>>> print(open('entry-v4.cif').read())   # mmCIF, C-alpha atoms
data_query
loop_
_atom_site.label_atom_id
_atom_site.label_comp_id
_atom_site.auth_asym_id
_atom_site.auth_seq_id
_atom_site.Cartn_x
_atom_site.Cartn_y
_atom_site.Cartn_z
CA MET A 1 0.00 0.00 0.00
CA ASN A 2 1.10 3.55 -0.67
CA LYS A 3 2.84 5.04 2.40
CA LEU A 4 0.86 8.26 2.33
CA VAL A 5 -2.51 6.50 2.01
CA SER A 6 -1.56 4.21 4.87
CA ALA A 7 -0.42 7.10 7.09
CA PHE A 8 -3.62 9.02 6.29
CA LEU A 9 -5.83 6.05 7.27
CA ILE A 10 -3.85 5.31 10.45
CA GLY A 11 -4.03 9.01 11.35
CA GLY A 12 -7.76 8.82 10.72
CA LEU A 13 -8.07 5.94 13.18
CA PHE A 14 -6.05 7.94 15.73
CA GLY A 15 -8.22 11.05 15.30
CA LEU A 16 -11.45 9.07 15.57
CA GLY A 17 -10.20 7.32 18.72
CA ILE A 18 -9.20 10.65 20.28
CA ALA A 19 -12.53 12.28 19.44
CA VAL A 20 -14.70 9.36 20.59
CA SER A 21 -12.68 8.85 23.80
CA GLY A 22 -13.06 12.45 24.99
CA MET A 23 -9.36 13.36 24.79
CA ALA A 24 -10.22 16.18 22.36
CA ASN A 25 -12.60 17.78 24.88
CA PRO A 26 -10.83 20.29 27.17
CA ALA A 27 -13.73 20.24 29.66
CA LYS A 28 -13.25 16.50 30.10
CA ILE A 29 -9.47 16.82 30.57
CA GLY A 30 -9.98 19.52 33.22
CA ASN A 31 -12.52 17.38 35.05
CA PHE A 32 -10.24 14.34 34.94
CA PHE A 33 -7.71 16.24 37.04
CA ASP A 34 -10.32 17.84 39.29
CA VAL A 35 -10.54 15.00 41.81
CA PHE A 36 -11.81 17.36 44.53
CA GLY A 37 -14.41 18.98 42.28
CA THR A 38 -16.32 17.76 39.21
CA TRP A 39 -14.21 14.61 38.79
CA ASP A 40 -14.68 12.59 35.59
CA PRO A 41 -12.43 9.48 35.62
CA SER A 42 -13.16 8.58 31.94
CA LEU A 43 -9.59 9.21 30.83
CA VAL A 44 -8.37 6.27 32.90
CA PHE A 45 -10.30 4.12 30.43
CA VAL A 46 -8.76 5.91 27.42
CA MET A 47 -5.24 5.37 28.72
CA GLY A 48 -6.08 1.81 29.79
CA GLY A 49 -7.58 0.80 26.45
CA GLY A 50 -4.79 2.44 24.45
CA LEU A 51 -2.01 1.10 26.61
CA ILE A 52 -3.20 -2.53 26.76
CA THR A 53 -3.79 -2.58 22.98
CA ALA A 54 -0.37 -1.07 22.23
CA PHE A 55 1.38 -3.26 24.83
CA ILE A 56 0.07 -6.48 23.28
CA GLY A 57 0.31 -5.27 19.66
CA TYR A 58 3.93 -4.07 19.99
CA ARG A 59 4.96 -7.44 21.47
CA ILE A 60 3.40 -9.33 18.59
CA ILE A 61 5.12 -7.02 16.07
CA PHE A 62 8.58 -7.19 17.64
CA ARG A 63 8.42 -10.98 18.05
CA THR A 64 7.25 -11.73 14.55
CA ARG A 65 8.92 -9.09 12.38
CA SER A 66 12.42 -7.71 11.96
CA ALA A 67 11.22 -4.70 9.93
CA PRO A 68 7.94 -2.84 9.34
CA VAL A 69 5.93 -3.57 6.19
CA LEU A 70 6.44 -0.26 4.36
CA GLU A 71 9.86 0.87 5.65
CA SER A 72 13.27 -0.80 5.88
CA SER A 73 13.61 -0.57 9.68
CA PHE A 74 11.88 0.37 12.92
CA ALA A 75 12.66 3.91 14.13
CA LEU A 76 12.62 3.54 17.91
CA PRO A 77 13.85 5.95 20.59
CA THR A 78 16.99 4.49 22.18
CA ARG A 79 17.65 6.92 25.05
CA ARG A 80 17.01 5.58 28.54
CA ASP A 81 18.62 8.33 30.66
CA ILE A 82 16.47 10.56 32.84
CA ASP A 83 17.67 14.16 32.48
CA ALA A 84 16.51 17.59 33.61
CA GLU A 85 15.14 18.47 30.15
CA LEU A 86 12.84 15.44 30.20
CA VAL A 87 11.52 16.01 33.71
CA GLY A 88 11.37 19.82 33.37
CA GLY A 89 9.70 19.60 29.97
CA ALA A 90 7.13 17.07 31.20
CA ALA A 91 6.44 19.24 34.27
CA VAL A 92 5.87 22.36 32.11
CA PHE A 93 3.69 20.37 29.70
CA GLY A 94 1.54 19.18 32.62
CA ILE A 95 1.02 22.77 33.80
CA GLY A 96 -0.03 23.86 30.30
CA TRP A 97 -2.27 20.79 29.91
CA GLY A 98 -3.94 21.58 33.23
CA ILE A 99 -4.47 25.24 32.29
CA ALA A 100 -5.78 24.76 28.73
CA GLY A 101 -7.16 21.20 28.79
CA PHE A 102 -5.62 20.46 25.38
CA CYS A 103 -2.65 18.20 24.61
CA PRO A 104 -1.10 17.91 21.11
CA GLY A 105 -2.82 14.56 20.41
CA GLY A 106 -6.15 16.01 21.52
CA ALA A 107 -5.89 19.35 19.75
CA ILE A 108 -5.11 18.10 16.21
CA PRO A 109 -8.26 15.91 15.96
CA ALA A 110 -10.21 18.70 17.73
CA LEU A 111 -9.49 20.86 14.64
CA GLY A 112 -11.93 18.59 12.80
CA LEU A 113 -14.69 19.61 15.22
CA MET A 114 -14.56 23.10 13.65
CA ARG A 115 -14.55 25.19 16.82
CA ALA A 116 -12.76 28.53 17.17
CA GLU A 117 -10.84 27.72 20.37
CA THR A 118 -8.75 24.93 18.83
CA PRO A 119 -6.75 26.98 16.27
CA ILE A 120 -6.03 29.59 18.99
CA PHE A 121 -4.57 26.91 21.24
CA LEU A 122 -2.64 25.27 18.37
CA ALA A 123 -1.11 28.58 17.23
CA ALA A 124 0.10 29.23 20.80
CA MET A 125 1.39 25.65 21.08
CA ILE A 126 3.36 25.90 17.82
CA ALA A 127 4.77 29.21 19.05
CA GLY A 128 5.83 27.37 22.23
CA ILE A 129 7.58 24.65 20.19
CA ILE A 130 9.45 27.32 18.20
CA ILE A 131 10.39 29.16 21.45
CA ALA A 132 11.76 25.88 22.86
CA ARG A 133 13.84 25.34 19.70
CA LEU A 134 15.31 28.85 20.04
CA ILE A 135 16.13 28.26 23.73
CA LYS A 136 17.81 24.96 22.85
CA SER A 137 19.88 26.48 20.01
CA ASN A 138 21.10 29.16 22.45
CA MET A 139 21.94 26.54 25.07
CA THR A 140 24.08 24.54 22.64
CA ARG A 141 25.85 27.58 21.13
CA PRO A 142 29.52 27.66 22.25
CA VAL A 143 30.17 30.18 25.01
CA GLU A 144 32.21 33.16 23.79
CA ALA A 145 35.36 33.90 25.75
CA MET B 1 -19.86 18.80 34.40
CA THR B 2 -18.94 16.20 31.81
CA ASP B 3 -20.54 12.74 31.64
CA PHE B 4 -18.59 9.73 32.86
CA THR B 5 -18.18 7.67 29.66
CA PRO B 6 -16.24 4.49 30.51
CA ILE B 7 -17.38 2.37 27.53
CA GLN B 8 -16.99 5.11 24.93
CA SER B 9 -13.62 6.16 26.38
CA LEU B 10 -12.36 2.58 26.50
CA PHE B 11 -13.46 2.08 22.87
CA GLY B 12 -11.73 5.32 21.82
CA GLY B 13 -8.62 4.26 23.74
CA VAL B 14 -8.53 0.91 21.92
CA LEU B 15 -8.77 2.75 18.57
CA ILE B 16 -5.83 4.97 19.59
CA GLY B 17 -3.89 1.84 20.59
CA LEU B 18 -4.72 0.13 17.27
CA SER B 19 -3.52 3.21 15.41
CA ALA B 20 -0.23 3.04 17.35
CA VAL B 21 0.13 -0.69 16.57
CA LEU B 22 -0.59 -0.19 12.84
CA LEU B 23 1.84 2.74 12.58
CA MET B 24 4.55 0.56 14.12
CA ALA B 25 3.72 -2.53 12.03
CA LEU B 26 3.49 -0.69 8.70
CA HIS B 27 5.76 2.37 9.14
CA GLY B 28 7.97 1.40 12.09
CA ARG B 29 7.10 4.65 13.85
CA ILE B 30 5.97 5.78 17.29
CA ALA B 31 2.46 7.31 17.19
CA GLY B 32 3.40 10.33 19.27
CA MET B 33 1.64 13.51 18.21
CA THR B 34 4.52 15.71 19.39
CA GLY B 35 7.07 13.89 17.24
CA ILE B 36 4.80 13.66 14.21
CA LEU B 37 3.74 17.33 14.39
CA THR B 38 7.23 18.69 15.09
CA GLY B 39 8.44 17.24 11.77
CA VAL B 40 6.05 19.41 9.75
CA ILE B 41 6.93 22.68 11.50
CA PRO B 42 9.71 24.29 9.39
CA PRO B 43 12.50 23.35 9.03
CA LEU B 44 10.68 20.28 7.69
CA ALA B 45 11.88 16.80 8.58
CA PRO B 46 13.17 14.86 5.52
CA ASP B 47 10.23 12.42 5.93
CA TRP B 48 7.57 15.10 6.44
CA GLN B 49 5.18 13.65 3.87
CA TRP B 50 3.86 10.68 5.89
CA ARG B 51 3.60 12.96 8.94
CA ALA B 52 1.43 15.43 7.00
CA ALA B 53 -0.74 12.53 5.75
CA PHE B 54 -1.18 11.22 9.32
CA LEU B 55 -2.12 14.70 10.59
CA ALA B 56 -4.59 15.20 7.73
CA GLY B 57 -6.23 11.87 8.56
CA ALA B 58 -6.43 12.79 12.25
CA VAL B 59 -8.29 16.03 11.41
CA VAL B 60 -10.55 14.59 8.69
CA SER B 61 -11.89 11.61 10.65
CA PRO B 62 -13.65 13.58 13.45
CA LEU B 63 -14.98 15.94 10.77
CA ALA B 64 -16.36 12.95 8.81
CA TYR B 65 -17.80 11.46 12.00
CA LEU B 66 -19.73 14.69 12.63
CA ALA B 67 -20.81 14.92 8.98
CA LEU B 68 -22.23 11.39 9.20
CA GLY B 69 -24.40 12.43 12.13
CA GLY B 70 -22.18 11.49 15.06
CA THR B 71 -21.95 13.74 18.10
CA ILE B 72 -18.81 14.59 20.04
CA ALA B 73 -18.98 16.56 23.29
CA PHE B 74 -16.68 19.57 23.21
CA SER B 75 -16.43 22.62 25.44
CA VAL B 76 -13.59 24.89 26.50
CA PRO B 77 -14.27 26.23 30.01
CA VAL B 78 -11.18 28.47 29.78
CA SER B 79 -10.63 32.11 28.75
CA THR B 80 -8.75 32.90 25.54
CA GLY B 81 -5.86 34.30 27.59
CA LEU B 82 -5.45 31.06 29.54
CA LEU B 83 -5.79 29.07 26.31
CA VAL B 84 -2.83 31.00 24.87
CA ILE B 85 -0.72 30.71 28.05
CA GLY B 86 -1.54 27.01 28.29
CA GLY B 87 -0.73 26.53 24.61
CA VAL B 88 2.70 28.14 24.86
CA LEU B 89 3.53 26.06 27.97
CA VAL B 90 2.35 22.85 26.24
CA GLY B 91 4.54 23.66 23.20
CA ILE B 92 7.65 24.39 25.28
CA GLY B 93 7.01 21.39 27.54
CA VAL B 94 6.49 18.76 24.84
CA ASN B 95 9.56 19.97 22.98
CA PHE B 96 11.87 19.74 26.01
CA GLY B 97 10.11 16.63 27.33
CA ASN B 98 10.25 14.89 23.92
CA GLY B 99 6.63 13.84 23.99
CA CYS B 100 3.06 14.07 25.20
CA PRO B 101 0.34 11.64 26.39
CA SER B 102 0.16 9.81 23.02
CA GLY B 103 3.92 9.28 22.59
CA HIS B 104 5.01 8.82 26.21
CA GLY B 105 1.69 7.71 27.70
CA ILE B 106 0.61 5.07 25.18
CA CYS B 107 3.59 4.14 22.99
CA GLY B 108 6.40 4.79 25.51
CA ILE B 109 4.84 2.98 28.44
CA ALA B 110 3.83 0.11 26.11
CA ARG B 111 7.57 -0.23 25.34
CA LEU B 112 8.34 0.06 29.09
CA SER B 113 10.60 3.05 28.37
CA PRO B 114 11.91 4.47 31.66
CA ARG B 115 11.96 8.00 30.18
CA SER B 116 8.30 7.75 29.23
CA ILE B 117 7.25 6.39 32.62
CA VAL B 118 9.04 9.28 34.36
CA ALA B 119 7.55 11.81 31.91
CA VAL B 120 3.98 10.53 32.39
CA VAL B 121 4.19 10.47 36.19
CA THR B 122 5.67 13.99 36.11
CA PHE B 123 3.06 15.58 33.84
CA MET B 124 0.17 13.84 35.58
CA ILE B 125 1.32 15.30 38.92
CA THR B 126 1.85 18.85 37.61
CA ALA B 127 -1.46 18.82 35.68
CA PHE B 128 -3.29 17.64 38.81
CA ILE B 129 -1.66 20.37 40.94
CA THR B 130 -2.33 23.01 38.27
CA VAL B 131 -6.05 22.18 38.00
CA PHE B 132 -6.33 22.14 41.80
CA VAL B 133 -4.70 25.58 42.06
CA VAL B 134 -6.66 27.09 39.15
CA ARG B 135 -10.06 25.75 40.26
CA HIS B 136 -9.85 25.58 44.07
CA VAL B 137 -7.13 27.99 45.22
CA ILE B 138 -7.34 30.90 42.72
CA GLY B 139 -10.89 30.25 41.49
CA GLY B 140 -12.21 28.82 44.78
#
>>> encode(input="entry-v4.cif", output="structure tokens")
Amino acid sequence: MNKLVSAFLIGGLFGLGIAVSGMANPAKIGNFFDVFGTWDPSLVFVMGGGLITAFIGYRIIFRTRSAPVLESSFALPTRRDIDAELVGGAAVFGIGWGIAGFCPGGAIPALGLMRAETPIFLAAMIAGIIIARLIKSNMTRPVEA
Amino acid sequence: MTDFTPIQSLFGGVLIGLSAVLLMALHGRIAGMTGILTGVIPPLAPDWQWRAAFLAGAVVSPLAYLALGGTIAFSVPVSTGLLVIGGVLVGIGVNFGNGCPSGHGICGIARLSPRSIVAVVTFMITAFITVFVVRHVIGG
């Protein structure tokens, strides 16, 4: 199958899953974290269903295949170290997620729901990604004597 | 208030998991929205085309679901200012943290990646504290 058709269909499955599950609904995300208020534990079921499916599916793939169907090799993250960027980045993401109720995987499918709030959030999020890139390029620039 | 939707959410979660499994089986890639999206923000990744196709599919399917008469609950109980602040923090955070709930939470934990487990525990804690502060300390 053509790679782009395949990626489009798999993305479609992802977007449908996100939309149906409630992950694209900021009100639901906010309520998931509001244990002492209007708590809605639905997202436990999203994470549970996604995780169990991926856990089993990945094991079947890695035991039965040495390469994916449409590419020559698997592209898997190899880092295992826990560094300040990972923990700090995750902490900042969590604050933003709690404030806005959108995560990247929720906001992209939410675009398809045609509501004005989503592009505002996404524009700010892309600005944040570009800001992070600029900070990183400054951090890695050699210090002048 | 939002309705507690265990069956619907579980079903949606399984679809997300299936998408992650298919992307790995066919393309050999992690279905993390941060990684996929970052590659189409200039400078483009060399393999930006499949990423753009995945993103297009992810936007079109909820649109098609609505067009076919489906309903999806959606509301944003947050001011535009907070949406922008939250958005910038999400963008900075996922870039430094190398991932979000889809990449770390589903794919990373499924691979038992220690980095993903640490990232998920961290962002769950800070999101919980943030919502508590916003709704019960500041807004209370």
>>> interface_residues(input="entry-v4.cif", of="chain B", to="chain A", cutoff="6 Å", atoms="all atoms listed in the file", output="VMD selection string")
chain B and resid 2 4 to 6 8 to 10 12 to 17 19 21 25 to 29 33 50 53 to 54 57 to 63 74 to 76 83 to 84 86 to 97 106 110 115 119 122 to 123 126 to 128 130 to 131
>>> axis_aligned_box(input="entry-v4.cif", around="range 88-100 of chain B", padding_each_side="6 Å", output="lines of an AutoDock Vina configuration file")
center_x = 7.1
center_y = 21.0
center_z = 25.5
size_x = 21.5
size_y = 26.3
size_z = 17.0
>>> atom_distance(input="entry-v4.cif", atom1="CA of Ala52 in chain B", atom2="CA of Gly39 in chain B")
8.7 Å
>>> atom_distance(input="entry-v4.cif", atom1="CA of Val118 in chain B", atom2="CA of Gly103 in chain B")
12.8 Å
